[in-house]
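Everything below belongs to model-v1.txt, which stores compact mmCIF, C-alpha atoms.
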```
# COMPACT_ATOMS: atom_id res chain seq x y z
CA MET X 1 0.00 0.00 0.00
CA GLY X 2 0.98 3.62 -0.38
CA GLY X 3 2.48 5.42 -3.29
CA SER X 4 -0.79 5.84 -5.18
CA VAL X 5 -1.76 9.16 -6.68
CA ILE X 6 -5.26 10.23 -5.63
CA TRP X 7 -7.29 13.13 -6.97
CA HIS X 8 -9.52 14.19 -4.09
CA VAL X 9 -12.11 16.65 -5.31
CA ALA X 10 -15.64 17.95 -4.90
CA THR X 11 -17.64 18.87 -8.00
CA SER X 12 -21.00 20.44 -8.66
CA LEU X 13 -23.56 18.22 -10.37
CA ASP X 14 -22.88 20.12 -13.59
CA GLY X 15 -19.11 19.57 -13.44
CA TYR X 16 -17.50 22.64 -11.90
CA ILE X 17 -15.08 22.88 -8.99
CA ALA X 18 -15.57 26.62 -8.54
CA ALA X 19 -18.36 29.05 -9.44
CA PRO X 20 -17.82 31.65 -12.20
CA ASP X 21 -16.66 34.13 -9.53
CA GLY X 22 -14.24 31.56 -8.06
CA ASP X 23 -16.44 30.82 -5.06
CA VAL X 24 -16.05 27.38 -3.47
CA GLY X 25 -18.17 28.02 -0.39
CA TRP X 26 -20.94 25.81 -1.79
CA VAL X 27 -18.71 22.78 -1.09
CA PHE X 28 -19.07 23.23 2.64
CA GLY X 29 -22.00 22.19 4.79
CA HIS X 30 -22.49 18.89 3.02
CA ASP X 31 -22.18 15.56 4.68
CA PHE X 32 -20.27 13.45 2.17
CA PRO X 33 -21.37 9.83 2.25
CA GLY X 34 -19.05 6.88 1.70
CA ARG X 35 -16.22 5.61 3.81
CA GLU X 36 -13.81 7.35 1.40
CA ALA X 37 -14.80 10.71 2.88
CA GLU X 38 -13.44 9.50 6.22
CA THR X 39 -10.51 7.37 5.12
CA THR X 40 -8.92 9.39 2.30
CA PRO X 41 -7.15 12.00 4.47
CA GLY X 42 -5.48 9.19 6.43
CA ARG X 43 -4.12 7.66 3.22
CA ILE X 44 -2.48 10.87 2.03
CA GLY X 45 1.13 11.61 3.00
CA ALA X 46 1.74 14.66 0.81
CA ILE X 47 -0.40 17.05 -1.23
CA ILE X 48 0.21 18.71 -4.58
CA ALA X 49 -1.93 21.75 -5.33
CA GLY X 50 -1.73 24.50 -7.93
CA ARG X 51 -1.34 28.24 -8.01
CA VAL X 52 -5.10 28.88 -8.04
CA TRP X 53 -5.50 26.91 -4.82
CA HIS X 54 -2.53 28.74 -3.31
CA ASP X 55 -3.82 32.19 -4.13
CA GLU X 56 -7.32 31.44 -2.88
CA CYS X 57 -5.94 30.11 0.39
CA ALA X 58 -3.47 32.96 0.75
CA ALA X 59 -6.37 35.43 0.57
CA ARG X 60 -8.15 33.70 3.44
CA ASP X 61 -7.47 32.61 7.01
CA TRP X 62 -5.28 29.48 6.99
CA ASP X 63 -7.27 28.05 9.90
CA VAL X 64 -10.32 28.07 7.63
CA VAL X 65 -8.75 26.76 4.42
CA VAL X 66 -6.20 24.33 5.87
CA PRO X 67 -6.59 20.91 4.19
CA TYR X 68 -9.06 18.62 5.95
CA HIS X 69 -9.84 21.26 8.58
CA GLY X 70 -6.48 20.67 10.24
CA ARG X 71 -7.12 16.97 10.83
CA TRP X 72 -4.23 16.32 8.44
CA SER X 73 -0.58 17.25 8.51
CA GLY X 74 2.18 16.76 5.99
CA PRO X 75 4.09 18.51 3.23
CA ILE X 76 2.06 20.59 0.75
CA PHE X 77 3.65 21.29 -2.63
CA VAL X 78 2.40 24.05 -4.92
CA LEU X 79 3.27 23.24 -8.53
CA THR X 80 3.44 26.39 -10.63
CA HIS X 81 5.44 28.00 -13.42
CA ARG X 82 5.29 31.30 -11.57
CA PRO X 83 6.00 30.92 -7.85
CA PRO X 84 5.34 34.09 -5.85
CA ASP X 85 8.22 35.87 -4.14
CA ALA X 86 6.76 35.04 -0.76
CA SER X 87 3.81 33.17 0.66
CA PRO X 88 1.93 33.32 3.97
CA LEU X 89 1.24 29.59 3.70
CA PRO X 90 3.30 26.61 4.97
CA VAL X 91 3.90 25.27 1.45
CA THR X 92 6.86 24.39 -0.79
CA PHE X 93 6.86 25.64 -4.37
CA LEU X 94 7.83 23.33 -7.23
CA THR X 95 8.40 24.36 -10.83
CA ALA X 96 8.98 20.81 -12.07
CA ASP X 97 6.91 18.94 -14.66
CA ILE X 98 4.12 16.71 -13.39
CA ASN X 99 6.30 13.55 -13.42
CA LEU X 100 9.01 15.05 -11.25
CA ALA X 101 6.48 16.80 -9.02
CA ILE X 102 4.75 13.53 -8.25
CA ARG X 103 8.09 11.79 -7.64
CA THR X 104 9.06 14.57 -5.23
CA ALA X 105 5.74 14.36 -3.39
CA ARG X 106 5.91 10.58 -3.23
CA ASP X 107 9.37 10.76 -1.65
CA ALA X 108 7.98 13.17 0.92
CA ALA X 109 4.87 11.08 1.63
CA CYS X 110 6.75 8.55 3.76
CA GLY X 111 5.13 5.55 2.10
CA LYS X 112 1.65 7.00 2.01
CA ASP X 113 -0.31 8.18 -1.04
CA VAL X 114 -0.02 11.49 -2.86
CA GLY X 115 -3.14 13.67 -2.92
CA LEU X 116 -3.85 16.06 -5.78
CA PHE X 117 -6.10 19.10 -5.33
CA GLY X 118 -7.77 21.29 -7.91
CA ALA X 119 -8.36 20.52 -11.58
CA ASP X 120 -5.38 21.41 -13.75
CA ILE X 121 -2.68 19.35 -12.01
CA PRO X 122 -4.90 16.25 -11.67
CA ARG X 123 -5.77 16.55 -15.37
CA GLN X 124 -2.06 16.61 -16.22
CA ALA X 125 -1.50 13.53 -14.04
CA LEU X 126 -4.47 11.77 -15.64
CA GLU X 127 -3.26 12.49 -19.17
CA ALA X 128 0.28 11.35 -18.24
CA GLY X 129 -1.10 8.05 -16.92
CA LEU X 130 0.06 8.90 -13.41
CA LEU X 131 -3.33 9.12 -11.70
CA ASP X 132 -4.40 5.98 -9.84
CA GLU X 133 -7.66 6.98 -8.23
CA ILE X 134 -10.32 9.69 -8.12
CA ILE X 135 -12.28 10.24 -4.93
CA VAL X 136 -15.01 12.62 -6.01
CA HIS X 137 -17.80 14.11 -3.94
CA ILE X 138 -20.73 15.26 -6.08
CA VAL X 139 -22.44 18.25 -4.53
CA PRO X 140 -26.13 18.74 -5.37
CA ILE X 141 -25.88 22.19 -6.91
CA LEU X 142 -26.04 23.55 -10.45
CA LEU X 143 -23.44 26.30 -10.83
CA GLY X 144 -24.10 26.93 -14.53
CA GLY X 145 -20.43 27.66 -15.23
CA GLY X 146 -17.08 28.26 -13.59
CA ARG X 147 -13.83 26.34 -13.29
CA ARG X 148 -14.36 23.00 -14.98
CA LEU X 149 -13.70 19.69 -13.24
CA CYS X 150 -11.77 18.43 -16.25
CA ALA X 151 -11.13 20.78 -19.17
CA ARG X 152 -9.44 18.82 -21.92
CA ASP X 153 -9.44 17.85 -25.57
CA GLY X 154 -9.01 14.28 -26.60
CA PRO X 155 -11.02 11.11 -26.35
CA PRO X 156 -13.29 10.42 -23.37
CA ILE X 157 -11.65 8.81 -20.35
CA ARG X 158 -13.66 5.93 -18.97
CA LEU X 159 -13.51 5.33 -15.24
CA VAL X 160 -14.15 2.22 -13.18
CA ASN X 161 -15.51 2.02 -9.64
CA THR X 162 -12.70 0.82 -7.39
CA GLN X 163 -15.15 -0.93 -5.05
CA ASP X 164 -17.66 -2.49 -7.43
CA LYS X 165 -16.75 -2.40 -11.08
CA ASP X 166 -20.20 -3.53 -12.21
CA HIS X 167 -21.93 -0.61 -10.49
CA ALA X 168 -19.75 2.36 -11.21
CA ALA X 169 -22.54 4.85 -11.81
CA ALA X 170 -24.46 6.81 -9.17
CA THR X 171 -28.08 7.89 -9.08
CA LEU X 172 -29.32 11.01 -7.30
CA ALA X 173 -32.96 11.97 -6.79
CA LEU X 174 -33.06 15.72 -6.22
CA ARG X 175 -35.44 18.64 -6.10
CA PRO X 176 -34.75 22.36 -6.32
CA GLU X 177 -34.28 23.85 -2.86
CA GLY X 178 -37.47 25.56 -1.72
CA LYS X 179 -39.64 23.50 -4.06
CA ARG X 180 -42.18 21.28 -2.34
CA MET S 1 -49.56 11.66 -6.76
CA GLY S 2 -48.93 12.46 -10.40
CA GLY S 3 -48.61 15.75 -12.14
CA SER S 4 -44.98 16.32 -11.13
CA VAL S 5 -42.40 17.42 -13.68
CA ILE S 6 -39.33 15.17 -13.65
CA TRP S 7 -36.05 15.72 -15.47
CA HIS S 8 -34.67 12.25 -16.13
CA VAL S 9 -31.13 12.46 -17.38
CA ALA S 10 -27.72 10.80 -17.47
CA THR S 11 -24.63 12.98 -17.18
CA SER S 12 -20.91 12.38 -17.44
CA LEU S 13 -18.93 12.99 -14.25
CA ASP S 14 -17.74 16.28 -15.77
CA GLY S 15 -21.26 17.49 -16.53
CA TYR S 16 -22.05 16.72 -20.16
CA ILE S 17 -25.04 14.90 -21.62
CA ALA S 18 -23.39 14.37 -25.01
CA ALA S 19 -19.78 14.23 -26.19
CA PRO S 20 -18.38 17.04 -28.39
CA ASP S 21 -19.38 15.02 -31.50
CA GLY S 22 -22.91 14.50 -30.12
CA ASP S 23 -22.27 10.89 -29.13
CA VAL S 24 -24.40 9.50 -26.31
CA GLY S 25 -23.34 5.86 -26.68
CA TRP S 26 -21.30 6.11 -23.46
CA VAL S 27 -24.56 6.23 -21.51
CA PHE S 28 -25.36 2.63 -22.36
CA GLY S 29 -23.90 -0.46 -20.73
CA HIS S 30 -24.09 0.94 -17.23
CA ASP S 31 -26.14 -0.53 -14.47
CA PHE S 32 -27.73 2.46 -12.78
CA PRO S 33 -28.14 1.91 -9.05
CA GLY S 34 -31.04 3.22 -7.00
CA ARG S 35 -34.66 2.28 -7.10
CA GLU S 36 -35.33 5.44 -9.15
CA ALA S 37 -33.75 3.77 -12.18
CA GLU S 38 -36.48 1.15 -12.01
CA THR S 39 -39.44 3.21 -10.85
CA THR S 40 -39.14 6.44 -12.84
CA PRO S 41 -40.45 5.13 -16.19
CA GLY S 42 -43.58 3.87 -14.44
CA ARG S 43 -44.25 7.32 -12.97
CA ILE S 44 -44.10 9.09 -16.33
CA GLY S 45 -47.28 9.53 -18.39
CA ALA S 46 -45.94 11.84 -21.09
CA ILE S 47 -42.52 12.99 -22.28
CA ILE S 48 -41.32 16.36 -23.53
CA ALA S 49 -38.09 16.32 -25.53
CA GLY S 50 -36.40 18.86 -27.77
CA ARG S 51 -35.34 19.17 -31.35
CA VAL S 52 -31.82 17.80 -30.69
CA TRP S 53 -33.29 14.63 -29.20
CA HIS S 54 -35.70 14.34 -32.14
CA ASP S 55 -33.06 14.71 -34.80
CA GLU S 56 -30.70 12.25 -33.11
CA CYS S 57 -33.49 9.67 -32.82
CA ALA S 58 -34.71 10.31 -36.37
CA ALA S 59 -31.24 9.46 -37.67
CA ARG S 60 -31.27 6.09 -35.89
CA ASP S 61 -33.47 3.01 -35.64
CA TRP S 62 -36.49 3.77 -33.44
CA ASP S 63 -36.27 0.31 -31.88
CA VAL S 64 -32.86 1.29 -30.56
CA VAL S 65 -33.61 4.83 -29.39
CA VAL S 66 -37.21 4.38 -28.19
CA PRO S 67 -37.57 5.74 -24.63
CA TYR S 68 -36.86 3.17 -21.93
CA HIS S 69 -36.09 0.47 -24.50
CA GLY S 70 -39.78 0.16 -25.35
CA ARG S 71 -40.78 -0.67 -21.77
CA TRP S 72 -42.72 2.59 -21.78
CA SER S 73 -45.57 3.88 -23.90
CA GLY S 74 -47.30 7.24 -23.98
CA PRO S 75 -47.38 10.54 -25.83
CA ILE S 76 -44.05 12.13 -26.71
CA PHE S 77 -44.02 15.87 -27.39
CA VAL S 78 -41.16 17.58 -29.18
CA LEU S 79 -40.98 21.23 -28.17
CA THR S 80 -39.27 23.31 -30.84
CA HIS S 81 -39.47 26.68 -32.57
CA ARG S 82 -38.76 24.95 -35.88
CA PRO S 83 -40.77 21.75 -36.34
CA PRO S 84 -39.69 19.72 -39.38
CA ASP S 85 -42.13 19.24 -42.27
CA ALA S 86 -42.30 15.53 -41.49
CA SER S 87 -40.91 13.08 -38.96
CA PRO S 88 -40.34 9.32 -38.99
CA LEU S 89 -41.00 9.25 -35.25
CA PRO S 90 -44.30 8.77 -33.36
CA VAL S 91 -44.15 12.23 -31.77
CA THR S 92 -46.28 15.39 -31.61
CA PHE S 93 -44.62 18.74 -32.23
CA LEU S 94 -45.33 21.71 -29.98
CA THR S 95 -44.25 25.29 -30.60
CA ALA S 96 -45.65 26.59 -27.30
CA ASP S 97 -43.67 28.21 -24.49
CA ILE S 98 -42.48 25.98 -21.64
CA ASN S 99 -45.51 26.74 -19.45
CA LEU S 100 -48.05 25.76 -22.07
CA ALA S 101 -45.98 22.77 -23.20
CA ILE S 102 -45.94 21.36 -19.67
CA ARG S 103 -49.67 21.99 -19.27
CA THR S 104 -50.30 20.15 -22.55
CA ALA S 105 -48.12 17.21 -21.52
CA ARG S 106 -49.69 17.08 -18.08
CA ASP S 107 -53.17 16.89 -19.63
CA ALA S 108 -51.95 14.03 -21.81
CA ALA S 109 -50.25 12.19 -18.94
CA CYS S 110 -53.53 10.84 -17.52
CA GLY S 111 -52.68 11.74 -13.95
CA LYS S 112 -49.08 10.56 -14.12
CA ASP S 113 -45.92 12.69 -14.09
CA VAL S 114 -44.35 14.55 -17.01
CA GLY S 115 -40.82 13.50 -17.98
CA LEU S 116 -38.36 15.93 -19.52
CA PHE S 117 -35.46 14.74 -21.67
CA GLY S 118 -32.33 16.58 -22.78
CA ALA S 119 -30.86 19.75 -21.29
CA ASP S 120 -32.40 22.88 -22.81
CA ILE S 121 -36.08 22.22 -22.04
CA PRO S 122 -35.41 21.03 -18.47
CA ARG S 123 -33.30 24.15 -17.90
CA GLN S 124 -36.21 26.31 -19.07
CA ALA S 125 -38.55 24.44 -16.72
CA LEU S 126 -36.08 24.80 -13.86
CA GLU S 127 -35.68 28.53 -14.40
CA ALA S 128 -39.47 28.96 -14.67
CA GLY S 129 -39.95 27.17 -11.33
CA LEU S 130 -41.83 24.34 -13.03
CA LEU S 131 -39.37 21.50 -12.35
CA ASP S 132 -40.21 19.34 -9.35
CA GLU S 133 -37.56 16.64 -9.44
CA ILE S 134 -34.31 15.61 -11.08
CA ILE S 135 -33.47 11.93 -11.42
CA VAL S 136 -29.86 11.98 -12.55
CA HIS S 137 -27.58 9.06 -13.32
CA ILE S 138 -23.91 10.00 -13.08
CA VAL S 139 -21.84 7.97 -15.54
CA PRO S 140 -18.18 7.42 -14.63
CA ILE S 141 -16.62 9.00 -17.69
CA LEU S 142 -14.79 12.26 -18.36
CA LEU S 143 -15.90 13.61 -21.74
CA GLY S 144 -13.86 16.82 -21.56
CA GLY S 145 -16.56 18.83 -23.35
CA GLY S 146 -19.80 18.54 -25.29
CA ARG S 147 -23.43 19.43 -24.62
CA ARG S 148 -23.62 20.76 -21.09
CA LEU S 149 -25.97 19.32 -18.49
CA CYS S 150 -27.09 22.80 -17.51
CA ALA S 151 -25.83 25.80 -19.47
CA ARG S 152 -27.09 28.93 -17.79
CA ASP S 153 -26.22 32.29 -16.36
CA GLY S 154 -27.56 33.36 -13.02
CA PRO S 155 -27.05 32.35 -9.44
CA PRO S 156 -26.34 28.72 -8.48
CA ILE S 157 -29.37 26.49 -8.00
CA ARG S 158 -29.14 24.41 -4.84
CA LEU S 159 -30.75 20.99 -4.90
CA VAL S 160 -32.02 18.78 -2.10
CA ASN S 161 -32.10 14.99 -2.00
CA THR S 162 -35.73 13.91 -2.14
CA GLN S 163 -35.03 10.82 -0.04
CA ASP S 164 -32.64 12.08 2.60
CA LYS S 165 -32.15 15.81 2.75
CA ASP S 166 -29.20 15.56 5.13
CA HIS S 167 -27.20 13.39 2.75
CA ALA S 168 -27.77 14.90 -0.65
CA ALA S 169 -24.23 14.47 -1.94
CA ALA S 170 -22.73 11.36 -3.52
CA THR S 171 -19.21 9.96 -3.33
CA LEU S 172 -17.59 7.90 -6.09
CA ALA S 173 -14.24 6.11 -5.82
CA LEU S 174 -12.98 5.63 -9.38
CA ARG S 175 -9.87 4.70 -11.30
CA PRO S 176 -9.06 5.22 -14.98
CA GLU S 177 -10.07 2.17 -17.02
CA GLY S 178 -7.05 0.00 -17.71
CA LYS S 179 -5.15 1.35 -14.70
CA ARG S 180 -4.34 -1.22 -12.02
```

Encoded form (structure tokens):
Amino acid sequence: MGGSVIWHVATSLDGYIAAPDGDVGWVFGHDFPGREAETTPGRIGAIIAGRVWHDECAARDWDVVVPYHGRWSGPIFVLTHRPPDASPLPVTFLTADINLAIRTARDAACGKDVGLFGADIPRQALEAGLLDEIIVHIVPILLGGGRRLCARDGPPIRLVNTQDKDHAAATLALRPEGKR
Amino acid sequence: MGGSVIWHVATSLDGYIAAPDGDVGWVFGHDFPGREAETTPGRIGAIIAGRVWHDECAARDWDVVVPYHGRWSGPIFVLTHRPPDASPLPVTFLTADINLAIRTARDAACGKDVGLFGADIPRQALEAGLLDEIIVHIVPILLGGGRRLCARDGPPIRLVNTQDKDHAAATLALRPEGKR
């Protein structure tokens, strides 16, 4: 065990990880079902995030935006072509390509898995064949636009349920809030 | 019971109902969990679809594209501003607005619910406050682009689980097909 690369992400029902104005507040206040919601933080030994994540966190109180509400500790790498001169966050900047970044994070993960945040870096890992698993929480909201879960050209990427490969899909029965 | 307006739809994980080339073949071959997959056809007394659905079905064999694999029968309305001169399909064209179209379908549904297919017409119903429920099957595939589940401007629309309002979200644990 350990050494896997996990994309841990929450998406709107219509496939966005942030609203058009960048807001991600809609992610909070939901009780995510599945044992993965509980167990994933414990699997992760190091995190790779991107510049968008960094800048959003830097503009807020670290106690609020800290990964997994502070119930997690470990090295956080920010992979970017344009590292800032200084950062208020306890992170390490990397300017490597995705292969080297993942190798660096894996070395730092002490035998645990590497967690990827955001959308752009996980997409790069996916396209490079380096992504082992996606733990995705689907939030019952229609954002209408924003930062896409997976913006890419190229053929569709089929996914398989890691628990039950014959039942990979999910069904949700929803109603608009306020509608009786 | 009866008289509700239900959007019954399958979406890719990244929020598309058709691939960039219009393909919807990726929807098939999945076992959709949840009792809604079984019970929804029986609730529906009439269907409203749009011109995109019509034209895609008209280009194929009706036995293949018939709603619910033929396990359903009832009136099918195609709501469009530009009805074709003729159609090979057993459908009725409507050029009404969304309010009148839903009233027409509800009258034809013999006390059952009205089912909406596609993306554009359900979005109109949602924005007009006429949509009561969304039964959505989330297919484990990343299409990267295509026809969006819900293309709209305006504030986010929050949704509530009809079965369990405290656990409206879903979690999927996935891996890329072919990856061990």

At a cut-off of 12 Å, using all atoms listed in the file, what residues contact Asp55 in chain X? Leave out same-chain residues fewer than 2 positions from it and give the result as a list in words.
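So, after excluding close chain neighbours, the residues are Gly22, Ala49, Gly50, Arg51, Val52, Trp53, Cys57, Ala58, Ala59, Arg60, Asp61, Trp62, Val65, Val78, Thr80, Arg82, Pro83, Pro84, Ala86, Ser87, Pro88, Leu89 and Val91 of chain X.
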
Moved coordinates, chain S onto chain X, all Cα atoms, as a CSV table (one decimal) with C-alpha atoms, in the frame of the given file:
```csv
chain,number,residue,atom,x,y,z
S,1,MET,CA,0.0,0.0,0.0
S,2,GLY,CA,1.0,3.6,-0.4
S,3,GLY,CA,2.5,5.4,-3.3
S,4,SER,CA,-0.8,5.8,-5.2
S,5,VAL,CA,-1.8,9.2,-6.7
S,6,ILE,CA,-5.3,10.2,-5.6
S,7,TRP,CA,-7.3,13.1,-7.0
S,8,HIS,CA,-9.5,14.2,-4.1
S,9,VAL,CA,-12.1,16.7,-5.3
S,10,ALA,CA,-15.7,18.0,-4.9
S,11,THR,CA,-17.6,18.9,-8.0
S,12,SER,CA,-21.0,20.5,-8.6
S,13,LEU,CA,-23.6,18.2,-10.4
S,14,ASP,CA,-22.9,20.1,-13.6
S,15,GLY,CA,-19.1,19.6,-13.4
S,16,TYR,CA,-17.5,22.6,-11.9
S,17,ILE,CA,-15.1,22.9,-9.0
S,18,ALA,CA,-15.6,26.6,-8.5
S,19,ALA,CA,-18.4,29.0,-9.4
S,20,PRO,CA,-17.8,31.6,-12.2
S,21,ASP,CA,-16.7,34.1,-9.5
S,22,GLY,CA,-14.2,31.6,-8.0
S,23,ASP,CA,-16.5,30.8,-5.1
S,24,VAL,CA,-16.1,27.4,-3.5
S,25,GLY,CA,-18.2,28.0,-0.4
S,26,TRP,CA,-21.0,25.8,-1.8
S,27,VAL,CA,-18.7,22.8,-1.1
S,28,PHE,CA,-19.1,23.2,2.7
S,29,GLY,CA,-22.0,22.2,4.8
S,30,HIS,CA,-22.5,18.9,3.0
S,31,ASP,CA,-22.2,15.5,4.7
S,32,PHE,CA,-20.3,13.4,2.2
S,33,PRO,CA,-21.4,9.8,2.3
S,34,GLY,CA,-19.1,6.9,1.7
S,35,ARG,CA,-16.2,5.6,3.8
S,36,GLU,CA,-13.8,7.3,1.4
S,37,ALA,CA,-14.8,10.7,2.9
S,38,GLU,CA,-13.4,9.5,6.2
S,39,THR,CA,-10.5,7.4,5.1
S,40,THR,CA,-8.9,9.4,2.3
S,41,PRO,CA,-7.1,12.0,4.5
S,42,GLY,CA,-5.5,9.2,6.4
S,43,ARG,CA,-4.1,7.6,3.2
S,44,ILE,CA,-2.5,10.9,2.0
S,45,GLY,CA,1.1,11.6,3.0
S,46,ALA,CA,1.7,14.7,0.8
S,47,ILE,CA,-0.4,17.0,-1.2
S,48,ILE,CA,0.2,18.7,-4.6
S,49,ALA,CA,-1.9,21.8,-5.3
S,50,GLY,CA,-1.7,24.5,-7.9
S,51,ARG,CA,-1.3,28.2,-8.0
S,52,VAL,CA,-5.1,28.9,-8.0
S,53,TRP,CA,-5.5,26.9,-4.8
S,54,HIS,CA,-2.5,28.7,-3.3
S,55,ASP,CA,-3.8,32.2,-4.1
S,56,GLU,CA,-7.3,31.4,-2.9
S,57,CYS,CA,-5.9,30.1,0.4
S,58,ALA,CA,-3.5,33.0,0.8
S,59,ALA,CA,-6.3,35.4,0.6
S,60,ARG,CA,-8.1,33.7,3.5
S,61,ASP,CA,-7.5,32.6,7.0
S,62,TRP,CA,-5.3,29.5,7.0
S,63,ASP,CA,-7.3,28.0,9.9
S,64,VAL,CA,-10.3,28.1,7.6
S,65,VAL,CA,-8.8,26.8,4.4
S,66,VAL,CA,-6.2,24.3,5.9
S,67,PRO,CA,-6.6,20.9,4.2
S,68,TYR,CA,-9.0,18.6,5.9
S,69,HIS,CA,-9.8,21.2,8.6
S,70,GLY,CA,-6.5,20.7,10.2
S,71,ARG,CA,-7.1,17.0,10.8
S,72,TRP,CA,-4.2,16.3,8.4
S,73,SER,CA,-0.6,17.3,8.5
S,74,GLY,CA,2.2,16.8,6.0
S,75,PRO,CA,4.1,18.5,3.2
S,76,ILE,CA,2.1,20.6,0.8
S,77,PHE,CA,3.7,21.3,-2.6
S,78,VAL,CA,2.4,24.0,-4.9
S,79,LEU,CA,3.3,23.2,-8.5
S,80,THR,CA,3.4,26.4,-10.6
S,81,HIS,CA,5.4,28.0,-13.4
S,82,ARG,CA,5.3,31.3,-11.6
S,83,PRO,CA,6.0,30.9,-7.9
S,84,PRO,CA,5.3,34.1,-5.9
S,85,ASP,CA,8.2,35.9,-4.2
S,86,ALA,CA,6.8,35.0,-0.8
S,87,SER,CA,3.8,33.2,0.7
S,88,PRO,CA,1.9,33.3,4.0
S,89,LEU,CA,1.2,29.6,3.7
S,90,PRO,CA,3.3,26.6,5.0
S,91,VAL,CA,3.9,25.3,1.5
S,92,THR,CA,6.9,24.4,-0.8
S,93,PHE,CA,6.9,25.6,-4.4
S,94,LEU,CA,7.8,23.3,-7.2
S,95,THR,CA,8.4,24.4,-10.8
S,96,ALA,CA,9.0,20.8,-12.1
S,97,ASP,CA,6.9,18.9,-14.7
S,98,ILE,CA,4.1,16.7,-13.4
S,99,ASN,CA,6.3,13.6,-13.4
S,100,LEU,CA,9.0,15.0,-11.3
S,101,ALA,CA,6.5,16.8,-9.0
S,102,ILE,CA,4.8,13.5,-8.3
S,103,ARG,CA,8.1,11.8,-7.6
S,104,THR,CA,9.1,14.6,-5.2
S,105,ALA,CA,5.7,14.4,-3.4
S,106,ARG,CA,5.9,10.6,-3.3
S,107,ASP,CA,9.4,10.7,-1.7
S,108,ALA,CA,8.0,13.2,0.9
S,109,ALA,CA,4.9,11.1,1.6
S,110,CYS,CA,6.8,8.5,3.8
S,111,GLY,CA,5.2,5.5,2.1
S,112,LYS,CA,1.7,7.0,2.0
S,113,ASP,CA,-0.3,8.2,-1.0
S,114,VAL,CA,0.0,11.5,-2.9
S,115,GLY,CA,-3.1,13.7,-2.9
S,116,LEU,CA,-3.9,16.1,-5.8
S,117,PHE,CA,-6.1,19.1,-5.3
S,118,GLY,CA,-7.8,21.3,-7.9
S,119,ALA,CA,-8.4,20.5,-11.6
S,120,ASP,CA,-5.4,21.4,-13.7
S,121,ILE,CA,-2.7,19.3,-12.0
S,122,PRO,CA,-4.9,16.2,-11.7
S,123,ARG,CA,-5.8,16.5,-15.4
S,124,GLN,CA,-2.1,16.6,-16.2
S,125,ALA,CA,-1.5,13.5,-14.0
S,126,LEU,CA,-4.5,11.8,-15.6
S,127,GLU,CA,-3.3,12.5,-19.2
S,128,ALA,CA,0.3,11.4,-18.2
S,129,GLY,CA,-1.1,8.1,-16.9
S,130,LEU,CA,0.1,8.9,-13.4
S,131,LEU,CA,-3.3,9.1,-11.7
S,132,ASP,CA,-4.4,6.0,-9.9
S,133,GLU,CA,-7.7,7.0,-8.2
S,134,ILE,CA,-10.3,9.7,-8.1
S,135,ILE,CA,-12.3,10.2,-4.9
S,136,VAL,CA,-15.0,12.6,-6.0
S,137,HIS,CA,-17.8,14.1,-3.9
S,138,ILE,CA,-20.7,15.3,-6.1
S,139,VAL,CA,-22.5,18.3,-4.5
S,140,PRO,CA,-26.1,18.8,-5.4
S,141,ILE,CA,-25.9,22.2,-6.9
S,142,LEU,CA,-26.0,23.5,-10.5
S,143,LEU,CA,-23.5,26.3,-10.8
S,144,GLY,CA,-24.1,26.9,-14.5
S,145,GLY,CA,-20.4,27.7,-15.2
S,146,GLY,CA,-17.1,28.3,-13.6
S,147,ARG,CA,-13.8,26.3,-13.3
S,148,ARG,CA,-14.3,23.0,-15.0
S,149,LEU,CA,-13.7,19.7,-13.2
S,150,CYS,CA,-11.8,18.4,-16.3
S,151,ALA,CA,-11.1,20.8,-19.2
S,152,ARG,CA,-9.4,18.8,-21.9
S,153,ASP,CA,-9.4,17.9,-25.5
S,154,GLY,CA,-9.0,14.3,-26.6
S,155,PRO,CA,-11.0,11.1,-26.4
S,156,PRO,CA,-13.3,10.4,-23.4
S,157,ILE,CA,-11.6,8.8,-20.3
S,158,ARG,CA,-13.7,5.9,-19.0
S,159,LEU,CA,-13.5,5.3,-15.2
S,160,VAL,CA,-14.1,2.2,-13.2
S,161,ASN,CA,-15.5,2.0,-9.6
S,162,THR,CA,-12.7,0.8,-7.4
S,163,GLN,CA,-15.2,-0.9,-5.1
S,164,ASP,CA,-17.6,-2.5,-7.4
S,165,LYS,CA,-16.7,-2.4,-11.1
S,166,ASP,CA,-20.2,-3.5,-12.2
S,167,HIS,CA,-21.9,-0.6,-10.5
S,168,ALA,CA,-19.7,2.4,-11.2
S,169,ALA,CA,-22.5,4.9,-11.8
S,170,ALA,CA,-24.5,6.8,-9.2
S,171,THR,CA,-28.1,7.9,-9.1
S,172,LEU,CA,-29.3,11.0,-7.3
S,173,ALA,CA,-33.0,12.0,-6.8
S,174,LEU,CA,-33.1,15.7,-6.2
S,175,ARG,CA,-35.5,18.7,-6.1
S,176,PRO,CA,-34.7,22.4,-6.3
S,177,GLU,CA,-34.3,23.9,-2.9
S,178,GLY,CA,-37.5,25.6,-1.8
S,179,LYS,CA,-39.6,23.5,-4.1
S,180,ARG,CA,-42.2,21.2,-2.4
```

Between CA of Arg35 in chain S and CA of Gly15 in chain X, what is the distance in Å, rounded to a tenth?
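Atom-to-atom, CA of Arg35 in chain S to CA of Gly15 in chain X, that is 24.1 Å.
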
For CA of Pro140 in chain X and CA of Leu13 in chain X, quote the distance in Å rounded to one decimal.
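Distance reported for this atom pair: 5.6 Å.
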
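Here CA of Asp23 in chain X is placed at a distance of 18.1 Å from CA of Asp14 in chain S.
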
Residue hits in chain S, query chain X, radius 7 Å, all atoms listed in the file, as a PyMOL selection string
chain S and resi 13-15+30-34+132-144+149-153+156-162+167-177+179
